[in-house]
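Shown below: protein-v6.tsv, with TSV, C-alpha atoms.
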```tsv
chain	number	residue	atom	x	y	z
W	6	MET	CA	-66.89	-19.92	-6.24
W	7	ARG	CA	-64.53	-18.03	-3.94
W	8	ILE	CA	-61.41	-20.05	-3.04
W	9	ALA	CA	-58.78	-18.85	-0.57
W	10	VAL	CA	-55.23	-20.15	-1.02
W	11	ALA	CA	-52.97	-20.09	2.04
W	12	GLY	CA	-49.42	-19.83	0.74
W	13	GLY	CA	-50.66	-18.62	-2.63
W	14	THR	CA	-47.39	-16.86	-3.51
W	15	GLY	CA	-45.19	-19.97	-3.23
W	16	THR	CA	-43.89	-22.59	-5.66
W	17	VAL	CA	-47.19	-24.47	-5.86
W	18	GLY	CA	-49.37	-21.63	-4.61
W	19	ARG	CA	-48.92	-19.54	-7.75
W	20	PRO	CA	-49.98	-22.27	-10.20
W	21	THR	CA	-52.85	-23.19	-7.88
W	22	VAL	CA	-54.15	-19.62	-8.00
W	23	ALA	CA	-53.69	-19.59	-11.78
W	24	ALA	CA	-55.65	-22.86	-12.14
W	25	ILE	CA	-58.48	-21.54	-9.97
W	26	GLU	CA	-58.78	-18.38	-12.04
W	27	ALA	CA	-58.50	-20.29	-15.32
W	28	ASP	CA	-61.51	-22.34	-14.21
W	29	GLY	CA	-63.49	-19.12	-13.73
W	30	HIS	CA	-63.39	-18.95	-9.94
W	31	ASP	CA	-62.30	-16.15	-7.62
W	32	ALA	CA	-58.95	-16.77	-5.91
W	33	VAL	CA	-57.96	-15.00	-2.69
W	34	VAL	CA	-54.30	-15.20	-1.65
W	35	LEU	CA	-53.58	-15.62	2.06
W	36	SER	CA	-49.99	-14.59	2.73
W	37	ARG	CA	-48.06	-12.01	4.71
W	38	SER	CA	-47.43	-10.04	1.51
W	39	HIS	CA	-51.21	-9.79	1.16
W	40	GLY	CA	-51.77	-8.67	4.75
W	41	VAL	CA	-52.54	-12.06	6.29
W	42	ASP	CA	-50.48	-13.74	9.03
W	43	LEU	CA	-51.63	-17.31	9.57
W	44	VAL	CA	-49.75	-17.78	12.83
W	45	THR	CA	-51.24	-14.75	14.58
W	46	GLY	CA	-54.45	-14.63	12.54
W	47	ARG	CA	-53.91	-11.00	11.53
W	48	GLY	CA	-56.13	-10.14	8.57
W	49	LEU	CA	-57.45	-13.68	8.24
W	50	ASP	CA	-61.09	-13.15	9.15
W	51	ALA	CA	-61.50	-10.36	6.60
W	52	ALA	CA	-59.74	-12.37	3.90
W	53	LEU	CA	-62.01	-15.38	4.46
W	54	ASP	CA	-65.21	-13.35	4.28
W	55	GLY	CA	-67.38	-15.04	1.65
W	56	ALA	CA	-64.91	-17.86	0.98
W	57	ASP	CA	-66.39	-21.22	0.03
W	58	VAL	CA	-63.18	-23.28	0.11
W	59	VAL	CA	-59.70	-22.95	1.58
W	60	ILE	CA	-56.61	-24.58	0.07
W	61	ASP	CA	-53.58	-24.83	2.37
W	62	VAL	CA	-50.21	-25.02	0.59
W	63	THR	CA	-48.20	-23.24	3.29
W	64	SER	CA	-44.59	-24.22	3.93
W	65	ILE	CA	-41.65	-23.28	6.10
W	66	GLU	CA	-37.93	-23.39	5.30
W	67	THR	CA	-36.62	-25.62	8.04
W	68	LEU	CA	-35.34	-29.17	8.37
W	69	LYS	CA	-35.95	-29.32	12.14
W	70	ALA	CA	-38.91	-31.34	13.35
W	71	ALA	CA	-39.68	-29.08	16.33
W	72	ALA	CA	-39.79	-25.92	14.22
W	73	ALA	CA	-41.92	-27.57	11.53
W	74	ILE	CA	-44.37	-29.01	14.06
W	75	GLU	CA	-44.69	-25.66	15.82
W	76	PHE	CA	-45.32	-23.75	12.59
W	77	PHE	CA	-47.78	-26.12	10.95
W	78	THR	CA	-49.73	-26.70	14.14
W	79	ALA	CA	-50.08	-22.97	14.75
W	80	ALA	CA	-50.66	-21.80	11.17
W	81	THR	CA	-53.04	-24.54	10.05
W	82	GLY	CA	-54.78	-24.56	13.42
W	83	THR	CA	-55.47	-20.84	13.10
W	84	LEU	CA	-56.57	-21.31	9.50
W	85	VAL	CA	-59.11	-24.08	10.12
W	86	SER	CA	-60.55	-22.30	13.17
W	87	ALA	CA	-61.06	-19.14	11.14
W	88	ALA	CA	-62.47	-21.20	8.25
W	89	GLU	CA	-65.05	-22.75	10.56
W	90	GLU	CA	-66.06	-19.35	11.89
W	91	ALA	CA	-66.38	-18.01	8.34
W	92	GLY	CA	-68.64	-20.85	7.26
W	93	VAL	CA	-66.14	-22.35	4.81
W	94	ARG	CA	-67.50	-25.69	3.60
W	95	HIS	CA	-64.30	-27.43	2.50
W	96	VAL	CA	-60.58	-27.30	3.39
W	97	VAL	CA	-58.01	-28.86	1.04
W	98	LEU	CA	-54.48	-29.57	2.29
W	99	LEU	CA	-51.39	-30.32	0.23
W	100	SER	CA	-49.15	-32.85	1.96
W	101	ILE	CA	-46.25	-35.12	0.94
W	102	VAL	CA	-46.14	-38.75	-0.17
W	103	GLY	CA	-44.46	-41.06	2.34
W	104	ILE	CA	-44.47	-38.88	5.45
W	105	ASP	CA	-45.96	-41.69	7.53
W	106	ARG	CA	-43.03	-43.92	6.48
W	107	ILE	CA	-40.46	-41.18	7.20
W	108	PRO	CA	-41.95	-39.30	10.20
W	109	TYR	CA	-38.83	-37.23	10.85
W	110	ASP	CA	-37.49	-33.71	10.45
W	111	TYR	CA	-39.70	-31.54	8.17
W	112	TYR	CA	-42.02	-34.47	7.53
W	113	ALA	CA	-42.87	-34.62	11.24
W	114	GLY	CA	-44.39	-31.17	10.82
W	115	LYS	CA	-46.48	-32.33	7.87
W	116	ILE	CA	-47.83	-35.23	9.91
W	117	ALA	CA	-48.83	-32.78	12.65
W	118	GLN	CA	-50.48	-30.58	10.02
W	119	GLU	CA	-52.50	-33.48	8.63
W	120	LYS	CA	-53.73	-34.27	12.16
W	121	VAL	CA	-54.94	-30.68	12.56
W	122	ILE	CA	-56.91	-30.93	9.32
W	123	ALA	CA	-58.33	-34.38	10.12
W	124	SER	CA	-59.58	-33.20	13.52
W	125	SER	CA	-61.23	-30.08	12.07
W	126	ARG	CA	-65.00	-29.76	12.02
W	127	VAL	CA	-64.75	-28.37	8.47
W	128	PRO	CA	-65.04	-31.16	5.85
W	129	TRP	CA	-61.62	-31.81	4.39
W	130	THR	CA	-59.49	-33.34	1.64
W	131	ILE	CA	-55.78	-34.15	1.86
W	132	LEU	CA	-53.71	-34.56	-1.31
W	133	ARG	CA	-50.27	-36.04	-0.88
W	134	ALA	CA	-47.86	-35.28	-3.72
W	135	THR	CA	-44.23	-36.13	-4.32
W	136	GLN	CA	-41.47	-33.53	-4.48
W	137	PHE	CA	-41.72	-30.88	-7.18
W	138	HIS	CA	-39.20	-30.53	-10.02
W	139	GLU	CA	-38.05	-27.35	-8.24
W	140	PHE	CA	-36.69	-29.59	-5.45
W	141	ALA	CA	-33.44	-29.96	-7.42
W	142	GLY	CA	-32.79	-26.22	-7.41
W	143	GLN	CA	-33.73	-25.91	-3.74
W	144	MET	CA	-31.27	-28.65	-2.78
W	145	PHE	CA	-28.56	-27.16	-5.00
W	146	ALA	CA	-28.88	-23.92	-3.05
W	147	ARG	CA	-29.14	-25.49	0.41
W	148	ALA	CA	-26.82	-28.51	0.33
W	149	LYS	CA	-23.45	-26.81	0.68
W	150	LEU	CA	-20.23	-27.28	2.59
W	151	GLY	CA	-18.66	-23.85	2.54
W	152	PRO	CA	-18.46	-22.89	-1.16
W	153	LEU	CA	-18.84	-26.52	-2.26
W	154	HIS	CA	-22.25	-27.60	-3.56
W	155	LEU	CA	-23.30	-31.16	-2.68
W	156	ALA	CA	-25.67	-33.57	-4.38
W	157	PRO	CA	-27.49	-35.75	-1.82
W	158	ASN	CA	-28.45	-39.22	-2.97
W	159	ALA	CA	-32.18	-39.93	-2.77
W	160	ARG	CA	-34.88	-41.67	-4.75
W	161	THR	CA	-37.71	-39.37	-5.81
W	162	GLN	CA	-40.47	-39.22	-8.41
W	163	PRO	CA	-40.86	-35.48	-8.96
W	164	VAL	CA	-44.05	-33.89	-10.26
W	165	ALA	CA	-44.71	-30.56	-11.95
W	166	ALA	CA	-45.97	-27.89	-9.55
W	167	SER	CA	-48.41	-26.79	-12.24
W	168	GLU	CA	-49.97	-30.25	-12.30
W	169	VAL	CA	-50.27	-30.25	-8.51
W	170	GLY	CA	-51.90	-26.83	-8.65
W	171	ALA	CA	-54.41	-28.04	-11.23
W	172	ARG	CA	-55.28	-31.06	-9.09
W	173	LEU	CA	-55.75	-28.91	-5.99
W	174	ALA	CA	-58.05	-26.55	-7.90
W	175	ALA	CA	-60.11	-29.50	-9.11
W	176	LEU	CA	-60.35	-30.98	-5.61
W	177	ALA	CA	-61.44	-27.63	-4.21
W	178	THR	CA	-64.50	-27.57	-6.47
W	179	SER	CA	-65.38	-31.21	-5.71
W	180	GLU	CA	-66.94	-32.75	-2.63
W	181	PRO	CA	-64.65	-33.36	0.38
W	182	GLN	CA	-63.16	-36.85	0.21
W	183	GLY	CA	-60.70	-37.26	3.08
W	184	ARG	CA	-57.48	-38.71	1.69
W	185	ALA	CA	-57.42	-38.21	-2.06
W	186	ARG	CA	-55.41	-40.41	-4.39
W	187	ASP	CA	-51.68	-39.54	-4.22
W	188	LEU	CA	-50.12	-37.59	-7.08
W	189	ALA	CA	-46.59	-38.22	-8.41
W	190	GLY	CA	-44.47	-37.51	-11.43
W	191	PRO	CA	-44.23	-39.84	-14.42
W	192	ARG	CA	-40.98	-41.57	-13.49
W	193	GLU	CA	-38.47	-42.11	-10.71
W	194	GLU	CA	-35.33	-39.97	-10.66
W	195	GLN	CA	-32.10	-39.89	-8.64
W	196	LEU	CA	-31.93	-36.61	-6.73
W	197	SER	CA	-28.15	-36.23	-7.10
W	198	THR	CA	-28.49	-36.54	-10.89
W	199	MET	CA	-31.28	-33.95	-10.86
W	200	ILE	CA	-29.17	-31.51	-8.85
W	201	ARG	CA	-26.21	-31.85	-11.20
W	202	ALA	CA	-28.43	-31.39	-14.26
W	203	PHE	CA	-30.01	-28.30	-12.72
W	204	ALA	CA	-26.61	-26.83	-11.88
W	205	ARG	CA	-25.31	-27.36	-15.41
W	206	ARG	CA	-28.46	-25.79	-16.85
W	207	GLU	CA	-27.82	-22.76	-14.64
W	208	GLY	CA	-24.25	-22.50	-15.92
W	209	TYR	CA	-22.46	-23.90	-12.85
W	210	ARG	CA	-19.39	-25.91	-13.86
W	211	GLY	CA	-17.89	-26.76	-10.48
W	212	TRP	CA	-17.52	-30.20	-8.92
W	213	ILE	CA	-20.70	-31.41	-7.21
W	214	PRO	CA	-19.97	-34.60	-5.26
W	215	ALA	CA	-22.83	-37.03	-4.67
W	216	LEU	CA	-23.08	-38.35	-1.13
W	217	ASN	CA	-25.38	-39.95	1.41
W	218	VAL	CA	-26.54	-37.18	3.74
W	219	PRO	CA	-26.97	-38.40	7.32
W	220	GLY	CA	-30.35	-38.29	9.06
W	221	PRO	CA	-33.47	-40.46	9.09
W	222	GLN	CA	-35.44	-38.46	6.51
W	223	MET	CA	-32.76	-38.67	3.83
W	224	ALA	CA	-32.10	-42.32	4.71
W	225	GLY	CA	-35.77	-43.01	4.13
W	226	MET	CA	-35.68	-41.24	0.79
W	227	ARG	CA	-32.64	-43.28	-0.27
W	228	ALA	CA	-34.59	-46.41	0.63
W	229	GLY	CA	-37.50	-45.32	-1.58
W	230	ASP	CA	-39.93	-44.52	1.24
W	231	ALA	CA	-40.93	-41.23	-0.42
W	232	LEU	CA	-41.94	-42.92	-3.68
W	233	PRO	CA	-45.61	-43.33	-4.61
W	234	GLY	CA	-47.54	-46.57	-4.39
W	235	PRO	CA	-48.97	-48.40	-7.41
W	236	ASP	CA	-52.37	-46.71	-7.01
W	237	ALA	CA	-51.04	-43.14	-7.29
W	238	ASP	CA	-52.04	-40.86	-10.14
W	239	LEU	CA	-49.09	-39.86	-12.33
W	240	GLY	CA	-48.44	-36.50	-13.94
W	241	SER	CA	-47.06	-36.11	-17.45
W	242	GLN	CA	-44.15	-33.64	-17.36
W	243	THR	CA	-40.76	-35.23	-16.67
W	244	PHE	CA	-37.95	-33.46	-14.85
W	245	THR	CA	-35.95	-33.31	-18.11
W	246	GLU	CA	-38.86	-31.63	-19.89
W	247	TRP	CA	-39.33	-29.15	-17.03
W	248	LEU	CA	-35.63	-28.32	-17.02
W	249	ALA	CA	-35.55	-27.78	-20.78
W	250	ALA	CA	-38.51	-25.40	-20.53
W	251	ARG	CA	-36.87	-23.17	-17.91
```

If you took the structure in this file and wrote it as structure tokens, what would it be?
Amino acid sequence: MRIAVAGGTGTVGRPTVAAIEADGHDAVVLSRSHGVDLVTGRGLDAALDGADVVIDVTSIETLKAAAAIEFFTAATGTLVSAAEEAGVRHVVLLSIVGIDRIPYDYYAGKIAQEKVIASSRVPWTILRATQFHEFAGQMFARAKLGPLHLAPNARTQPVAASEVGARLAALATSEPQGRARDLAGPREEQLSTMIRAFARREGYRGWIPALNVPGPQMAGMRAGDALPGPDADLGSQTFTEWLAAR
């Protein structure tokens, strides 16, 4: 089977490609570094030639709702249109647990992206997963006030990107099922504690104050709105185990 992975060079894209190839299938990476621009469609038709399934794990580094909505609508819209033209029989999208409860900022873009997939004429599957373990490092790098690193308070149940990649690969070779069962990590964590642990592991010894970051998305995460429901599937690797293995 030939499976195209949009965003195949990213945090979850790389393990998704690895899982596809480990299962004996042919993985095709759709990214700008591989000559494909999803927004403009450059190189997309050629890359999708002969593809059976498309997995969309694209992302954008923004916290603004307007920018996220614009990107996901354009990129995923172009992708599903090209997939339909190419005769692709299944599109799999990676989304985020709780976005309907916190429809703000970046999550607003993910809601728009899900709507694009759900309105596509190509049969589809959407997998919502919680934040990855790498979220701690991303927030350590981004949450800063001048030289001071901050540790936002939030409730999260992080999952290993490798486990998400394996699930996406398995879904791609299965029949389309609409909304798949959510995927989360094995236990709830406090984001500020994760950030501090990551920083110490990286050798940073400075003060990292924990605080409540303003904004509706972070308020929702503090309230637990990004946590999985009781029917979610749970991964096995904890954040502590992931950090120790770095």

Atom pair atom CA of Thr16 of chain W / atom CA of Ser64 of chain W: separation (Å):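 Computing it gives 9.8 Å between the two atoms.
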
Which neighbours of Glu193 of chain W fall inside 7 Å, counting only C-alpha atoms, when residues of the same chain fewer than 3 positions from it are skipped, and could you give them as an mmCIF file with C-alpha atoms, keeping the file's coordinate frame?
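Writing done, so here's selection-v3.cif:
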```cif
data_model
loop_
_atom_site.group_PDB
_atom_site.id
_atom_site.type_symbol
_atom_site.label_atom_id
_atom_site.label_comp_id
_atom_site.auth_asym_id
_atom_site.auth_seq_id
_atom_site.Cartn_x
_atom_site.Cartn_y
_atom_site.Cartn_z
ATOM 1 C CA ARG W 160 -34.880 -41.670 -4.750
ATOM 2 C CA THR W 161 -37.710 -39.370 -5.810
ATOM 3 C CA GLN W 162 -40.470 -39.220 -8.410
#
```

Near-Arg7 of chain W list (9 Å; all atoms listed in the file; drop same-chain fewer than 2 positions) as a PyMOL selection string: chain W and resi 9+30-33+55-59

Test item: which residues lie within 12 Å of (-50.5, -9.2, -0.3) counting all atoms listed in the file, as number ranges by chain: W: 10-14, 33-42, 48-49, 52

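For the pair atom CA of Arg201 of chain W and atom CA of Arg172 of chain W, the separation is 29.2 Å.
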
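Residues lying within 10 Å of Asp187 of chain W, counting all atoms listed in the file and ignoring same-chain neighbours fewer than 2 positions away, are Ser100, Ile101, Val102, Gly103, Ile131, Leu132, Arg133, Ala134, Thr135, Arg184, Ala185, Ala189, Pro233, Gly234, Pro235, Asp236, Ala237, Asp238 and Leu239 of chain W.
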
Ala224 of chain W environment, 12 Å, all atoms listed in the file, sequence neighbours closer than 2 positions dropped, as a VMD selection string: chain W and resid 106 to 110 157 to 160 216 to 222 226 to 231

One-decimal distance in Å that lies between atom CA of Gly170 of chain W and atom CA of Arg47 of chain W: 25.7 Å

Segment 75-77 of chain W: which residues within 8 Å, counting all atoms listed in the file, same-chain residues fewer than 6 positions away excluded, as a compact mmCIF listing (two decimals) with C-alpha atoms, in the frame of the given file?
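Generated output (out-v2.txt):
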```txt
# COMPACT_ATOMS: atom_id res chain seq x y z
CA VAL W 44 -49.75 -17.78 12.83
CA SER W 64 -44.59 -24.22 3.93
CA ILE W 65 -41.65 -23.28 6.10
CA GLY W 114 -44.39 -31.17 10.82
CA LYS W 115 -46.48 -32.33 7.87
CA ALA W 117 -48.83 -32.78 12.65
CA GLN W 118 -50.48 -30.58 10.02
```

Using the atoms already present, construct N, CA, C and O atoms for segment 43-56 of chain W and hand them back as an mmCIF file, keeping the file's coordinate frame.
```cif
data_model
loop_
_atom_site.group_PDB
_atom_site.id
_atom_site.type_symbol
_atom_site.label_atom_id
_atom_site.label_comp_id
_atom_site.auth_asym_id
_atom_site.auth_seq_id
_atom_site.Cartn_x
_atom_site.Cartn_y
_atom_site.Cartn_z
ATOM 1 N N LEU W 43 -50.901 -16.127 9.127
ATOM 2 C CA LEU W 43 -51.630 -17.310 9.570
ATOM 3 C C LEU W 43 -51.300 -17.712 10.997
ATOM 4 O O LEU W 43 -52.126 -18.331 11.669
ATOM 5 N N VAL W 44 -50.125 -17.403 11.468
ATOM 6 C CA VAL W 44 -49.750 -17.780 12.830
ATOM 7 C C VAL W 44 -50.507 -16.943 13.850
ATOM 8 O O VAL W 44 -51.088 -17.460 14.817
ATOM 9 N N THR W 45 -50.549 -15.629 13.630
ATOM 10 C CA THR W 45 -51.240 -14.750 14.580
ATOM 11 C C THR W 45 -52.714 -14.561 14.239
ATOM 12 O O THR W 45 -53.502 -14.152 15.079
ATOM 13 N N GLY W 46 -53.074 -14.831 12.989
ATOM 14 C CA GLY W 46 -54.450 -14.630 12.540
ATOM 15 C C GLY W 46 -54.736 -13.236 12.031
ATOM 16 O O GLY W 46 -55.869 -12.935 11.636
ATOM 17 N N ARG W 47 -53.705 -12.380 11.990
ATOM 18 C CA ARG W 47 -53.910 -11.000 11.530
ATOM 19 C C ARG W 47 -54.430 -10.974 10.100
ATOM 20 O O ARG W 47 -53.825 -11.539 9.199
ATOM 21 N N GLY W 48 -55.558 -10.313 9.895
ATOM 22 C CA GLY W 48 -56.130 -10.140 8.570
ATOM 23 C C GLY W 48 -56.868 -11.350 8.025
ATOM 24 O O GLY W 48 -57.421 -11.283 6.921
ATOM 25 N N LEU W 49 -56.896 -12.444 8.777
ATOM 26 C CA LEU W 49 -57.450 -13.680 8.240
ATOM 27 C C LEU W 49 -58.963 -13.658 8.133
ATOM 28 O O LEU W 49 -59.539 -14.098 7.125
ATOM 29 N N ASP W 50 -59.631 -13.156 9.172
ATOM 30 C CA ASP W 50 -61.090 -13.150 9.150
ATOM 31 C C ASP W 50 -61.634 -12.351 7.971
ATOM 32 O O ASP W 50 -62.570 -12.791 7.278
ATOM 33 N N ALA W 51 -61.042 -11.188 7.718
ATOM 34 C CA ALA W 51 -61.500 -10.360 6.600
ATOM 35 C C ALA W 51 -61.235 -11.050 5.266
ATOM 36 O O ALA W 51 -62.065 -11.008 4.354
ATOM 37 N N ALA W 52 -60.084 -11.716 5.155
ATOM 38 C CA ALA W 52 -59.740 -12.370 3.900
ATOM 39 C C ALA W 52 -60.655 -13.555 3.602
ATOM 40 O O ALA W 52 -60.896 -13.884 2.433
ATOM 41 N N LEU W 53 -61.157 -14.214 4.643
ATOM 42 C CA LEU W 53 -62.010 -15.380 4.460
ATOM 43 C C LEU W 53 -63.493 -15.022 4.321
ATOM 44 O O LEU W 53 -64.319 -15.921 4.114
ATOM 45 N N ASP W 54 -63.815 -13.773 4.403
ATOM 46 C CA ASP W 54 -65.210 -13.350 4.280
ATOM 47 C C ASP W 54 -65.756 -13.760 2.901
ATOM 48 O O ASP W 54 -65.240 -13.342 1.870
ATOM 49 N N GLY W 55 -66.767 -14.590 2.892
ATOM 50 C CA GLY W 55 -67.380 -15.040 1.650
ATOM 51 C C GLY W 55 -66.682 -16.208 0.977
ATOM 52 O O GLY W 55 -67.114 -16.649 -0.096
ATOM 53 N N ALA W 56 -65.626 -16.741 1.595
ATOM 54 C CA ALA W 56 -64.910 -17.860 0.980
ATOM 55 C C ALA W 56 -65.719 -19.152 1.100
ATOM 56 O O ALA W 56 -66.311 -19.435 2.135
#
```
